[in-house]
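Participant: Supplied structure: data-v8.cif, mmCIF, C-alpha atoms (C1' of nucleotides).
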data_target
#
loop_
_atom_site.label_atom_id
_atom_site.label_comp_id
_atom_site.auth_asym_id
_atom_site.auth_seq_id
_atom_site.Cartn_x
_atom_site.Cartn_y
_atom_site.Cartn_z
CA MET L 1 190.28 -141.99 -159.77
CA ALA L 2 193.49 -143.41 -161.08
CA LEU L 3 194.43 -140.92 -163.79
CA SER L 4 195.58 -138.45 -161.16
CA HIS L 5 197.69 -141.17 -159.57
CA ALA L 6 199.04 -142.26 -162.91
CA ILE L 7 200.15 -138.67 -163.49
CA MET L 8 201.80 -138.46 -160.09
CA THR L 9 203.49 -141.78 -160.78
CA ALA L 10 204.91 -140.41 -164.02
CA LEU L 11 206.25 -137.45 -162.03
CA LEU L 12 207.97 -139.62 -159.39
CA GLU L 13 211.36 -139.26 -161.02
CA ASP L 14 211.11 -136.33 -163.40
CA GLU L 15 209.28 -133.05 -163.40
CA MET L 16 207.27 -132.60 -166.59
CA SER L 17 204.96 -130.28 -168.47
CA GLY L 18 201.47 -131.33 -169.49
CA TYR L 19 202.58 -131.76 -173.06
CA GLU L 20 205.48 -133.97 -172.04
CA LEU L 21 203.21 -136.00 -169.78
CA ALA L 22 200.78 -136.64 -172.60
CA LYS L 23 203.59 -138.09 -174.68
CA ALA L 24 205.20 -139.98 -171.81
CA PHE L 25 201.85 -141.64 -171.15
CA ASP L 26 201.77 -143.11 -174.61
CA VAL L 27 205.28 -144.44 -174.34
CA THR L 28 205.59 -145.75 -170.81
CA LEU L 29 202.00 -146.54 -169.87
CA GLY L 30 200.60 -146.87 -173.35
CA LEU L 31 199.68 -150.52 -173.13
CA PHE L 32 197.47 -149.77 -170.14
CA TRP L 33 196.41 -146.21 -170.40
CA HIS L 34 195.81 -143.39 -172.77
CA ALA L 35 194.96 -139.87 -171.70
CA SER L 36 194.28 -136.87 -173.91
CA HIS L 37 196.14 -133.66 -173.29
CA GLN L 38 192.88 -131.97 -172.31
CA GLN L 39 192.29 -134.43 -169.56
CA ILE L 40 195.87 -134.16 -168.35
CA TYR L 41 195.84 -130.36 -168.15
CA LYS L 42 192.59 -130.44 -166.21
CA GLU L 43 193.99 -133.02 -163.81
CA LEU L 44 197.21 -131.07 -163.35
CA HIS L 45 195.21 -128.05 -162.20
CA LYS L 46 193.25 -130.14 -159.73
CA LEU L 47 196.36 -131.78 -158.31
CA THR L 48 198.11 -128.44 -157.98
CA ASP L 49 195.08 -127.02 -156.15
CA LYS L 50 195.21 -129.96 -153.75
CA GLY L 51 198.84 -129.24 -153.03
CA TRP L 52 200.05 -132.53 -154.42
CA LEU L 53 201.95 -130.88 -157.26
CA GLU L 54 203.78 -127.59 -157.64
CA LYS L 55 204.27 -125.86 -160.94
CA GLU L 56 207.04 -123.73 -162.33
CA PRO L 57 207.11 -121.81 -165.60
CA VAL L 58 210.13 -122.61 -167.74
CA VAL L 59 211.25 -120.26 -170.50
CA GLN L 60 212.54 -122.04 -173.57
CA GLN L 61 214.35 -120.81 -176.64
CA GLY L 62 213.15 -121.90 -180.05
CA LYS L 63 209.95 -123.28 -178.46
CA PRO L 64 206.95 -121.89 -176.60
CA ASP L 65 207.42 -121.61 -172.84
CA LYS L 66 206.16 -124.47 -170.73
CA ILE L 67 204.98 -125.12 -167.19
CA VAL L 68 206.64 -128.04 -165.45
CA HIS L 69 204.99 -129.88 -162.58
CA ARG L 70 206.74 -131.55 -159.68
CA LEU L 71 205.50 -133.82 -156.89
CA THR L 72 205.35 -132.21 -153.44
CA GLY L 73 205.93 -134.07 -150.19
CA ALA L 74 202.18 -134.20 -149.65
CA GLY L 75 201.78 -135.59 -153.16
CA ARG L 76 204.30 -138.33 -152.50
CA GLU L 77 202.48 -139.26 -149.31
CA ALA L 78 199.07 -139.28 -150.96
CA LEU L 79 200.41 -141.47 -153.75
CA ALA L 80 201.96 -143.98 -151.32
CA GLU L 81 198.66 -144.10 -149.43
CA TRP L 82 196.73 -144.75 -152.62
CA VAL L 83 199.07 -147.59 -153.58
CA TRP L 84 198.43 -149.13 -150.17
CA GLY L 85 194.65 -148.94 -150.53
CA GLU L 86 192.13 -151.27 -152.14
CA SER L 87 191.49 -151.40 -155.86
CA ARG L 88 189.12 -153.29 -158.06
CA MET L 89 189.67 -155.38 -161.13
CA GLN L 90 188.58 -153.63 -164.31
CA GLU L 91 186.84 -155.30 -167.21
CA ALA L 92 188.05 -154.80 -170.75
CA LYS L 93 185.06 -152.81 -172.00
CA ASP L 94 185.96 -153.16 -175.63
CA ASP L 95 183.31 -152.78 -178.33
CA LEU L 96 184.80 -155.72 -180.21
CA TRP L 97 183.37 -158.25 -177.74
CA VAL L 98 179.91 -156.78 -177.99
CA LYS L 99 180.15 -156.75 -181.77
CA LEU L 100 181.06 -160.43 -181.80
CA TYR L 101 177.82 -161.15 -179.96
CA ASN L 102 176.15 -159.74 -183.07
CA LEU L 103 177.97 -161.94 -185.57
CA SER L 104 175.82 -162.77 -188.59
CA ALA L 105 176.17 -163.81 -192.23
CA ASP L 106 175.85 -160.11 -193.13
CA ASN L 107 178.71 -158.80 -191.05
CA ILE L 108 181.11 -161.73 -190.79
CA SER L 109 183.53 -160.35 -193.37
CA ARG L 110 183.33 -156.88 -191.83
CA LEU L 111 184.14 -158.25 -188.39
CA SER L 112 186.96 -160.34 -189.80
CA ALA L 113 188.41 -157.20 -191.33
CA GLU L 114 188.15 -155.46 -187.99
CA ILE L 115 190.04 -158.26 -186.28
CA VAL L 116 192.76 -158.01 -188.91
CA GLN L 117 192.97 -154.29 -188.14
CA ARG L 118 193.18 -154.88 -184.40
CA ARG L 119 195.85 -157.47 -184.97
CA GLU L 120 197.98 -155.00 -186.88
CA GLU L 121 197.56 -152.31 -184.27
CA MET L 122 198.55 -154.71 -181.51
CA MET L 123 201.56 -155.87 -183.53
CA GLY L 124 202.77 -152.29 -183.69
CA ARG L 125 202.39 -151.77 -180.00
CA LEU L 126 204.06 -155.04 -179.14
CA TYR L 127 207.00 -154.21 -181.36
CA LEU L 128 207.52 -151.02 -179.35
CA TYR L 129 207.11 -152.64 -175.96
CA GLU L 130 209.27 -155.62 -176.78
CA LYS L 131 211.99 -153.18 -177.77
CA ILE L 132 211.68 -151.40 -174.44
CA ARG L 133 211.81 -154.71 -172.61
CA ARG L 134 214.91 -155.89 -174.37
CA ARG L 135 216.65 -152.58 -173.99
CA HIS L 136 215.87 -151.75 -170.37
CA TYR L 137 214.50 -154.84 -168.63
CA ASP L 138 216.61 -157.62 -170.02
CA ASP L 139 217.98 -158.72 -166.64
CA PRO L 140 214.94 -158.27 -164.35
CA GLU L 141 216.51 -159.85 -161.25
CA SER L 142 219.12 -157.15 -160.98
CA LEU L 143 216.83 -154.16 -161.36
CA PRO L 144 216.19 -151.76 -158.48
CA ILE L 145 212.88 -152.44 -156.73
CA ARG L 146 210.75 -149.81 -158.48
CA ARG L 147 211.97 -150.90 -161.89
CA LYS L 148 211.04 -154.45 -160.97
CA GLY L 149 207.44 -153.33 -160.56
CA ILE L 150 207.51 -151.61 -163.93
CA TYR L 151 208.99 -154.77 -165.41
CA LEU L 152 206.09 -156.85 -164.08
CA ALA L 153 203.54 -154.45 -165.55
CA LEU L 154 205.42 -154.44 -168.84
CA ILE L 155 205.49 -158.22 -169.21
CA ALA L 156 201.83 -158.41 -168.20
CA GLY L 157 201.02 -156.07 -171.08
CA ILE L 158 203.26 -157.90 -173.51
CA ARG L 159 201.82 -161.30 -172.60
CA GLN L 160 198.30 -159.94 -172.87
CA GLY L 161 199.13 -158.58 -176.29
CA GLU L 162 200.73 -161.81 -177.52
CA ASN L 163 197.74 -163.70 -176.24
CA PHE L 164 195.47 -161.37 -178.17
CA LEU L 165 197.46 -161.88 -181.38
CA GLN L 166 197.12 -165.62 -181.03
CA TRP L 167 193.38 -165.27 -180.45
CA CYS L 168 193.11 -163.09 -183.56
CA ASP L 169 194.75 -165.76 -185.71
CA GLU L 170 192.52 -168.50 -184.41
CA ALA L 171 189.42 -166.34 -184.62
CA LEU L 172 190.19 -165.41 -188.23
CA GLU L 173 190.63 -169.05 -189.21
CA PHE L 174 187.45 -169.97 -187.41
CA LEU L 175 185.52 -167.16 -189.11
CA ALA L 176 186.91 -168.16 -192.52
CA ARG L 177 185.64 -171.70 -191.99
CA ALA L 178 182.28 -170.34 -190.84
CA GLU L 179 182.04 -168.17 -193.95
CA ASN L 180 182.78 -171.11 -196.22
CA THR L 181 180.26 -173.45 -194.65
CA ALA L 182 177.65 -170.69 -194.86
CA THR L 183 178.11 -170.25 -198.61
CA ALA L 184 178.73 -173.96 -199.33
CA MET X 1 178.70 -145.37 -176.54
CA ALA X 2 178.73 -149.11 -176.30
CA LEU X 3 176.64 -149.75 -173.18
CA SER X 4 173.50 -148.94 -175.12
CA HIS X 5 174.55 -151.36 -177.82
CA ALA X 6 175.46 -154.01 -175.28
CA ILE X 7 171.96 -153.67 -173.85
CA MET X 8 170.38 -153.96 -177.28
CA THR X 9 172.57 -156.98 -177.97
CA ALA X 10 171.31 -158.64 -174.80
CA LEU X 11 167.76 -157.98 -176.01
CA LEU X 12 168.34 -159.53 -179.45
CA GLU X 13 166.73 -162.81 -178.48
CA ASP X 14 164.73 -162.12 -175.33
CA GLU X 15 162.79 -159.19 -173.99
CA MET X 16 163.93 -158.28 -170.49
CA SER X 17 163.36 -155.91 -167.60
CA GLY X 18 166.10 -153.65 -166.28
CA TYR X 19 166.58 -155.89 -163.30
CA GLU X 20 166.95 -158.96 -165.48
CA LEU X 21 169.35 -157.15 -167.76
CA ALA X 22 171.57 -156.17 -164.85
CA LYS X 23 171.87 -159.81 -163.87
CA ALA X 24 172.23 -161.09 -167.44
CA PHE X 25 175.11 -158.69 -167.91
CA ASP X 26 177.06 -160.25 -165.10
CA VAL X 27 176.50 -163.74 -166.42
CA THR X 28 176.84 -163.47 -170.17
CA LEU X 29 179.04 -160.41 -170.63
CA GLY X 30 180.63 -160.39 -167.18
CA LEU X 31 184.17 -161.00 -168.32
CA PHE X 32 184.03 -157.90 -170.47
CA TRP X 33 181.49 -155.61 -168.97
CA HIS X 34 179.77 -154.69 -165.80
CA ALA X 35 176.93 -152.21 -165.56
CA SER X 36 175.08 -151.07 -162.47
CA HIS X 37 171.30 -151.19 -162.43
CA GLN X 38 171.21 -147.39 -162.22
CA GLN X 39 173.12 -147.04 -165.41
CA ILE X 40 170.99 -149.65 -167.14
CA TYR X 41 167.69 -148.00 -166.18
CA LYS X 42 168.97 -144.65 -167.40
CA GLU X 43 170.07 -146.18 -170.67
CA LEU X 44 166.76 -148.01 -171.14
CA HIS X 45 164.89 -144.71 -170.91
CA LYS X 46 167.18 -143.11 -173.45
CA LEU X 47 166.87 -146.01 -175.87
CA THR X 48 163.10 -146.04 -175.51
CA ASP X 49 162.98 -142.28 -176.20
CA LYS X 50 165.02 -142.87 -179.35
CA GLY X 51 162.54 -145.48 -180.51
CA TRP X 52 165.07 -148.29 -180.44
CA LEU X 53 163.25 -150.13 -177.66
CA GLU X 54 159.63 -150.46 -176.66
CA LYS X 55 158.48 -151.21 -173.14
CA GLU X 56 155.59 -153.15 -171.74
CA PRO X 57 154.50 -153.45 -168.13
CA VAL X 58 154.17 -157.04 -166.96
CA VAL X 59 152.10 -157.93 -163.91
CA GLN X 60 153.61 -160.74 -161.87
CA GLN X 61 152.27 -162.78 -159.00
CA GLY X 62 154.48 -163.31 -155.96
CA LYS X 63 156.80 -160.56 -157.20
CA PRO X 64 156.61 -156.83 -157.85
CA ASP X 65 155.51 -155.92 -161.37
CA LYS X 66 158.19 -155.32 -163.95
CA ILE X 67 158.67 -153.46 -167.22
CA VAL X 68 160.07 -155.52 -170.05
CA HIS X 69 161.93 -153.97 -172.95
CA ARG X 70 162.01 -155.25 -176.50
CA LEU X 71 164.05 -154.26 -179.57
CA THR X 72 162.10 -152.42 -182.27
CA GLY X 73 162.82 -152.67 -185.98
CA ALA X 74 164.62 -149.34 -185.83
CA GLY X 75 166.63 -150.65 -182.89
CA ARG X 76 167.70 -153.72 -184.82
CA GLU X 77 168.77 -151.54 -187.73
CA ALA X 78 170.70 -149.14 -185.53
CA LEU X 79 172.47 -152.04 -183.86
CA ALA X 80 173.45 -153.65 -187.17
CA GLU X 81 174.77 -150.30 -188.36
CA TRP X 82 176.82 -149.88 -185.20
CA VAL X 83 178.34 -153.34 -185.62
CA TRP X 84 179.35 -152.39 -189.13
CA GLY X 85 181.02 -149.16 -188.04
CA GLU X 86 184.52 -148.43 -186.77
CA SER X 87 185.61 -149.08 -183.22
CA ARG X 88 188.79 -148.48 -181.29
CA MET X 89 190.87 -150.74 -179.16
CA GLN X 90 190.47 -150.05 -175.45
CA GLU X 91 193.27 -150.12 -172.92
CA ALA X 92 192.91 -152.03 -169.68
CA LYS X 93 192.86 -149.03 -167.36
CA ASP X 94 193.42 -151.06 -164.24
CA ASP X 95 194.86 -149.44 -161.12
CA LEU X 96 197.04 -152.48 -160.53
CA TRP X 97 199.42 -151.56 -163.34
CA VAL X 98 199.86 -148.04 -162.04
CA LYS X 99 200.42 -149.36 -158.53
CA LEU X 100 203.16 -151.66 -159.80
CA TYR X 101 204.97 -148.61 -161.15
CA ASN X 102 205.13 -147.54 -157.49
CA LEU X 103 206.64 -150.76 -156.16
CA SER X 104 208.94 -150.14 -153.18
CA ALA X 105 210.34 -151.99 -150.17
CA ASP X 106 207.48 -150.47 -148.14
CA ASN X 107 204.60 -151.78 -150.22
CA ILE X 108 205.95 -154.97 -151.78
CA SER X 109 204.08 -157.28 -149.39
CA ARG X 110 200.92 -155.22 -149.76
CA LEU X 111 201.06 -155.44 -153.54
CA SER X 112 201.80 -159.16 -153.39
CA ALA X 113 198.69 -159.58 -151.26
CA GLU X 114 196.69 -157.64 -153.80
CA ILE X 115 197.90 -159.87 -156.60
CA VAL X 116 196.88 -162.92 -154.56
CA GLN X 117 193.42 -161.37 -154.20
CA ARG X 118 193.15 -160.64 -157.91
CA ARG X 119 194.22 -164.16 -158.65
CA GLU X 120 191.44 -165.58 -156.53
CA GLU X 121 188.83 -163.32 -158.07
CA MET X 122 189.91 -164.31 -161.55
CA MET X 123 189.87 -168.00 -160.58
CA GLY X 124 186.24 -167.64 -159.56
CA ARG X 125 185.29 -165.95 -162.80
CA LEU X 126 187.14 -168.47 -164.89
CA TYR X 127 185.44 -171.33 -163.13
CA LEU X 128 182.09 -169.87 -164.12
CA TYR X 129 183.02 -169.16 -167.71
CA GLU X 130 184.74 -172.48 -168.25
CA LYS X 131 181.53 -174.11 -167.09
CA ILE X 132 179.52 -172.11 -169.61
CA ARG X 133 181.97 -173.00 -172.34
CA ARG X 134 181.85 -176.71 -171.63
CA ARG X 135 178.10 -176.71 -171.30
CA HIS X 136 177.08 -174.61 -174.29
CA TYR X 137 180.05 -174.17 -176.60
CA ASP X 138 181.74 -177.55 -176.55
CA ASP X 139 181.39 -178.12 -180.29
CA PRO X 140 182.00 -174.65 -181.73
CA GLU X 141 182.08 -175.69 -185.38
CA SER X 142 178.46 -176.78 -185.32
CA LEU X 143 177.04 -173.68 -183.62
CA PRO X 144 174.76 -171.27 -185.48
CA ILE X 145 176.57 -168.16 -186.70
CA ARG X 146 175.62 -165.82 -183.86
CA ARG X 147 176.62 -168.33 -181.23
CA LYS X 148 179.95 -168.70 -183.00
CA GLY X 149 180.62 -165.02 -182.36
CA ILE X 150 179.73 -165.40 -178.71
CA TYR X 151 182.02 -168.42 -178.58
CA LEU X 152 184.93 -166.36 -179.91
CA ALA X 153 184.36 -163.65 -177.33
CA LEU X 154 184.06 -166.25 -174.60
CA ILE X 155 187.34 -167.97 -175.40
CA ALA X 156 189.06 -164.59 -175.73
CA GLY X 157 187.96 -163.83 -172.17
CA ILE X 158 188.94 -167.24 -170.88
CA ARG X 159 192.37 -167.09 -172.50
CA GLN X 160 192.93 -163.61 -171.17
CA GLY X 161 192.00 -164.81 -167.70
CA GLU X 162 194.25 -167.87 -167.84
CA ASN X 163 197.04 -165.68 -169.07
CA PHE X 164 196.47 -163.37 -166.12
CA LEU X 165 196.58 -166.26 -163.65
CA GLN X 166 199.90 -167.37 -165.06
CA TRP X 167 201.25 -163.86 -164.78
CA CYS X 168 200.08 -163.67 -161.17
CA ASP X 169 202.01 -166.81 -160.28
CA GLU X 170 205.18 -165.63 -161.92
CA ALA X 171 204.82 -162.14 -160.49
CA LEU X 172 204.33 -163.52 -156.98
CA GLU X 173 207.45 -165.67 -157.25
CA PHE X 174 209.40 -162.76 -158.63
CA LEU X 175 208.22 -160.47 -155.82
CA ALA X 176 209.05 -163.10 -153.20
CA ARG X 177 212.60 -163.28 -154.54
CA ALA X 178 212.81 -159.50 -154.58
CA GLU X 179 211.65 -159.34 -150.95
CA ASN X 180 214.27 -161.86 -149.88
CA THR X 181 217.15 -160.17 -151.59
CA ALA X 182 216.04 -156.86 -150.07
CA THR X 183 216.18 -158.24 -146.53
CA ALA X 184 219.21 -160.50 -147.09
"C1'" DC O 1 202.92 -119.11 -197.36
"C1'" DG O 2 201.39 -123.27 -195.40
"C1'" DC O 3 202.20 -127.31 -192.62
"C1'" DC O 4 204.16 -129.53 -188.61
"C1'" DG O 5 205.52 -129.81 -183.87
"C1'" DC O 6 205.37 -127.51 -179.46
"C1'" DA O 7 202.45 -125.79 -175.87
"C1'" DT O 8 198.14 -124.71 -173.18
"C1'" DG O 9 193.79 -124.31 -172.56
"C1'" DT O 10 187.83 -123.90 -172.50
"C1'" DA O 11 183.16 -125.76 -173.29
"C1'" DA O 12 179.86 -129.14 -174.10
"C1'" DT O 13 178.58 -133.66 -173.94
"C1'" DT O 14 178.57 -138.44 -172.71
"C1'" DA O 15 179.65 -142.18 -169.56
"C1'" DG O 16 179.99 -144.17 -165.14
"C1'" DT O 17 179.98 -144.35 -159.89
"C1'" DT O 18 178.12 -143.58 -155.36
"C1'" DA O 19 174.68 -142.43 -152.37
"C1'" DC O 20 169.97 -142.15 -151.46
"C1'" DA O 21 165.09 -143.73 -151.79
"C1'" DT O 22 160.96 -146.74 -152.03
"C1'" DG O 23 158.16 -150.71 -151.77
"C1'" DA O 24 156.49 -155.58 -152.54
"C1'" DT O 25 156.96 -160.69 -151.42
"C1'" DT O 26 159.18 -164.87 -149.49
"C1'" DG O 27 161.47 -167.46 -146.12
"C1'" DT O 28 163.25 -167.96 -141.17
"C1'" DA D 1 160.16 -159.17 -136.63
"C1'" DC D 2 163.94 -159.34 -139.91
"C1'" DA D 3 166.66 -160.38 -143.79
"C1'" DA D 4 166.89 -161.51 -148.64
"C1'" DT D 5 165.40 -161.16 -153.27
"C1'" DC D 6 162.75 -158.69 -156.67
"C1'" DA D 7 161.97 -154.31 -158.83
"C1'" DT D 8 162.60 -149.31 -160.23
"C1'" DG D 9 164.19 -145.20 -159.83
"C1'" DT D 10 166.58 -139.89 -158.58
"C1'" DA D 11 170.52 -136.84 -157.52
"C1'" DA D 12 175.12 -135.60 -157.13
"C1'" DC D 13 179.45 -136.28 -158.52
"C1'" DT D 14 183.57 -137.93 -161.04
"C1'" DA D 15 185.70 -139.34 -165.32
"C1'" DA D 16 186.45 -139.17 -170.19
"C1'" DT D 17 185.61 -137.75 -175.01
"C1'" DT D 18 184.90 -134.41 -178.66
"C1'" DA D 19 184.95 -130.07 -180.52
"C1'" DC D 20 186.71 -125.61 -180.42
"C1'" DA D 21 190.44 -122.15 -179.71
"C1'" DT D 22 195.02 -119.79 -179.68
"C1'" DG D 23 199.76 -118.82 -180.73
"C1'" DC D 24 204.93 -119.47 -181.51
"C1'" DG D 25 208.93 -121.22 -184.33
"C1'" DG D 26 211.13 -124.02 -187.90
"C1'" DC D 27 211.17 -126.07 -192.42
"C1'" DG D 28 210.39 -126.42 -197.35
#
As structure tokens, please, write out the structure in this file.

Facilitator:
Amino acid sequence: MALSHAIMTALLEDEMSGYELAKAFDVTLGLFWHASHQQIYKELHKLTDKGWLEKEPVVQQGKPDKIVHRLTGAGREALAEWVWGESRMQEAKDDLWVKLYNLSADNISRLSAEIVQRREEMMGRLYLYEKIRRRHYDDPESLPIRRKGIYLALIAGIRQGENFLQWCDEALEFLARAENTATA
Amino acid sequence: MALSHAIMTALLEDEMSGYELAKAFDVTLGLFWHASHQQIYKELHKLTDKGWLEKEPVVQQGKPDKIVHRLTGAGREALAEWVWGESRMQEAKDDLWVKLYNLSADNISRLSAEIVQRREEMMGRLYLYEKIRRRHYDDPESLPIRRKGIYLALIAGIRQGENFLQWCDEALEFLARAENTATA
DNA sequence: CGCCGCATGTAATTAGTTACATGATTGT
DNA sequence: ACAATCATGTAACTAATTACATGCGGCG
């Protein structure tokens, strides 16, 4: 599984609570991964049981107490080993593609609307990630090695997103033409 | 779930056995979806229990007998309803992105090798899907409506793949530079 | 007082992978 | 004889979603 390794990766530089992790996921890994807080808490317990993380309760004022988690030496090793190992390409199992296989005169306007919606959502994400890129990864050649890796992942996500936006525009035009010829 | 709907989609035009479905998935939906035969058989039973599919044993000569599955009226309705409904964008939960967040002097050549491998795999897939596009979707404007939807999904996958290839090339160059400056 | 953000969880269900299991026919 | 392709499954496990549950503190 990769969620556990994604969590450990997020903890490489900072110790965090489950709540903080859930939010950090959306910000730093959001283009690639989303994890619910339930899943994260469960995973944190497992990783702590394995000895890859250690936890420490932290008393806060003005807020409920929290439990921060920190990578152990064994955790660092296990993570490095996982990075070294094999991994497989994942398909984009998105319902939208399956829906398009069902395109018909009945649902063409509905599917167009859905593409418009997707387009807007992607625009929002891209806006956020472009901002991060400009602010923190503007001069990629001079970044420290780990940040260079993050940079590569970031631009992969941004490119993918831009590519999707372009597809949306073309698809919407194409569908509009298809709708017209159908009713003409 | 979408696997069940992907299966029903595949059965829109032809009745098929589980074995045939497993192969058809790799060919027609392969850029977006892969499903093991185990998962498909399980799903076929569920869908048949729901009354969305009906099955019929078919005796074959020279081959073991098979059980073909066919969409029922209720199945067609349920599928159309699903297409109409909401769906959410899916992230590309690929290990590669998480691994890149762990880039270090120790693993940079390993990760470069992995990108080379991914590049080759994607090249192979693209070759196949480009061939399908040229052969069956060369004149998209004149396709019947359903095929137009498939065309849109197909070019989305192809674009995504080409985009990935380009990223691979740039990433590999970038990593090579990073490796040199590290050892210089 | 009620809503929002912070903070952590359990339980049930659904989805997907991996390993195991069987047996027929065709080609070498 | 042996491997490859065709064909269908079960069992165990891992991963992910959805629903449910609790409680504090600050703000209007």

Participant: Can you give me, as number ranges by chain, the residues this file yields under the PyMOL selection byres ((chain D) within 10 of (chain X))?

Facilitator: D: 5-10

Participant: Suppose you want the space between C1' of DT18 (chain O) and CA of Leu126 (chain X); what is it in Å?

Facilitator: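 Rounded to one decimal, the two atoms are 28.1 Å apart.
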
Participant: Could you jot down the CA of Val116 (chain L) to CA of Trp167 (chain L) separation for me, Å, one decimal place?

Facilitator: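 Separating CA of Val116 (chain L) from CA of Trp167 (chain L) is a distance of 11.2 Å.
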
Participant: I'd like the interatomic distance between CA of Glu173 (chain X) and CA of Asp106 (chain X), to a tenth of an Å.

Facilitator: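 One can read the CA of Glu173 (chain X) to CA of Asp106 (chain X) distance as 17.7 Å.
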
Participant: May I ask you to extract the residues of chain X within 6 Å of chain L, using only C-alpha atoms, and to give them as a list in words?

Facilitator: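 Listing them in order of chain and number gives Ala6, Phe32, Trp33, Val83, Gln90, Glu91, Ala92, Lys93, Asp94, Trp97, Val98, Lys99, Leu100, Tyr101, Leu103, Ser104, Ile145, Arg146, Gly149, Ile150 and Ala153 of chain X.
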
Participant: Just need the residues of chain O within 9 Å of chain L, counting all atoms listed in the file, so spit them out as a list in words.

Facilitator: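 Contact residues on the first chain: DC6, DA7, DT8 and DG9 of chain O.
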
Participant: Report as a list in words all protein, DNA and RNA residues lying within 9 Å of Gln39 (chain X), evaluated on all atoms listed in the file, omitting residues in the same chain fewer than 4 positions from it.

Facilitator: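 My reading of the contact set: Leu3, Ala35, Glu43 and Leu44 of chain X; DG16 of chain O.
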
Participant: Please provide the set of residues having any atom within 6 Å of Val68 (chain L), restricted to only C-alpha atoms (C1' of nucleotides), with same-chain residues fewer than 4 positions apart removed, written as a list in words.

Facilitator: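 Contacts, with the query itself left out: Met16, Ser17, Lys55 and Glu56 of chain L.
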
Participant: Output the residue selection produced by the PyMOL selection byres ((chain L and resi 54) around 8) on the file above, formatted as JSON, numbers by chain.

Facilitator: {"L": [48, 51, 52, 53, 55, 56, 69, 70, 71, 72]}

Participant: For region 12-24 of chain O, take all atoms listed in the file, fit an axis-aligned box around them, add 3 Å to each of the six sides, then output centre and edge lengths in Å rounded to one decimal, as lines of an AutoDock Vina configuration file.

Facilitator:
center_x = 168.2
center_y = -142.4
center_z = -162.8
size_x = 29.5
size_y = 32.4
size_z = 28.6

Participant: I would like the residues chosen by the PyMOL selection byres ((chain D and resi 19) around 9) on the shown file; could you give them as a list in words?

Facilitator: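 Written out, the selection comes to DA11 and DA12 of chain O; DT18 and DC20 of chain D.
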
Participant: Just C-alpha atoms (C1' of nucleotides) for this one: save the residues we selected as a PDB file, keeping the file's coordinate frame.

Facilitator:
ATOM      1  C1'  DA O  11     183.160-125.760-173.290  1.00  0.00           C
ATOM      2  C1'  DA O  12     179.860-129.140-174.100  1.00  0.00           C
TER       3       DA O  12
ATOM      4  C1'  DT D  18     184.900-134.410-178.660  1.00  0.00           C
ATOM      5  C1'  DC D  20     186.710-125.610-180.420  1.00  0.00           C
TER       6       DC D  20
END

Participant: Using only C-alpha atoms (C1' of nucleotides), find the one residue out of D:DA3, D:DT22, D:DG28, D:DT17 that sits nearest to DT26 (chain O).

Facilitator: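 Distance minimum relative to DT26 (chain O) lands on D:DA3.
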